[in-house]
Amino acid sequence: MERLGVVRENTYLYGKRTATIYRFNDGIRIIGFKQGDSFDLRVLTIGFNPKRAGLGKCALKLVRPLFKVISVNEISEGALPFWKKMKERGLVNNLGTVKWEGNYDHMIS
């Protein structure tokens, strides 16, 4: 996890809501919306780093202590297996909407 460095937090206006972005080294980012001790995660990007190197999991481990509840929404169909593993490992609490390739939104629990 040293590779990711320290968590740098910034905010920006997304429509009428304030989004929070957590930045790490090498272009890794987590973006979502804070509400008290909950976080609605919308984007986890590892930039140009290789997939399956554990960087997404490490970033979540650094953000996890900041919130009691982390929910993930707008999950792309291809990323669903990753998010299911993160839920099993306790790094996120809830999985919400999934963006299926047919452009249909569904809820999972």
# chains A, B, ... in the order shown; residues from 1 in each chain; ligands from 1
>>> closest_atom_pairs(of="stretch 51-87 of chain A", to="stretch 31-47 of chain A", cutoff="6 Å", atoms="only C-alpha atoms", output="tab-separated table")
residue	atom	partner	partner_atom	distance
A:Phe67	CA	A:Asp37	CA	4.9
A:Lys68	CA	A:Asp37	CA	5.4
A:Val69	CA	A:Ser38	CA	4.7
A:Ile70	CA	A:Phe39	CA	4.8
A:Ser71	CA	A:Asp40	CA	5.0
A:Val72	CA	A:Leu41	CA	4.7
A:Asn73	CA	A:Arg42	CA	5.5
>>> select_by_dssp(residues="stretch 26-62 of chain A", states="strand (DSSP E)", output="ChimeraX atom specification")
/A:29-35,38-45
>>> residues_around(residues="A:Ile28", least_positions_apart="2", cutoff="9 Å", atoms="only C-alpha atoms", output="ChimeraX atom specification")
/A:4,22-26,30,44-49,55-56,59
>>> atom_distance(atom1="atom CA of A:Gly27", atom2="atom CA of A:Arg8")
11.7 Å
>>> closest_residue(among="A:Lys57, A:Lys99, A:Val63, A:Thr18", to="A:Met86", atoms="only C-alpha atoms")
A:Lys57
>>> select_by_dssp(residues="chain A", states="alpha helix (DSSP H)", output="PyMOL selection string")
chain A and resi 55-63+80-88
>>> write_last_selection(atoms="C-alpha atoms", output="short mmCIF file (atom, residue, chain, number, x, y, z; two decimals), in the first residue's frame")
data_model
loop_
_atom_site.label_atom_id
_atom_site.label_comp_id
_atom_site.auth_asym_id
_atom_site.auth_seq_id
_atom_site.Cartn_x
_atom_site.Cartn_y
_atom_site.Cartn_z
CA LEU A 55 -4.35 -1.42 -6.69
CA GLY A 56 -8.13 -0.99 -6.50
CA LYS A 57 -8.30 -3.17 -3.39
CA CYS A 58 -5.44 -1.23 -1.77
CA ALA A 59 -7.14 2.11 -2.49
CA LEU A 60 -10.35 0.82 -0.91
CA LYS A 61 -8.40 -0.35 2.16
CA LEU A 62 -7.13 3.21 2.64
CA VAL A 63 -10.60 4.80 2.27
CA LEU A 80 -19.27 -6.56 -11.14
CA PRO A 81 -17.05 -9.56 -10.18
CA PHE A 82 -14.51 -7.16 -8.65
CA TRP A 83 -17.17 -5.38 -6.60
CA LYS A 84 -18.67 -8.67 -5.40
CA LYS A 85 -15.21 -9.67 -4.09
CA MET A 86 -14.80 -6.29 -2.37
CA LYS A 87 -18.17 -6.77 -0.66
CA GLU A 88 -17.19 -10.30 0.47
#
>>> closest_residue(among="A:Ala79, A:Val7, A:Ala53, A:Ala19", to="A:Leu66", atoms="only C-alpha atoms")
A:Val7
>>> atom_distance(atom1="atom CA of A:Pro50", atom2="atom CA of A:Arg29")
14.4 Å
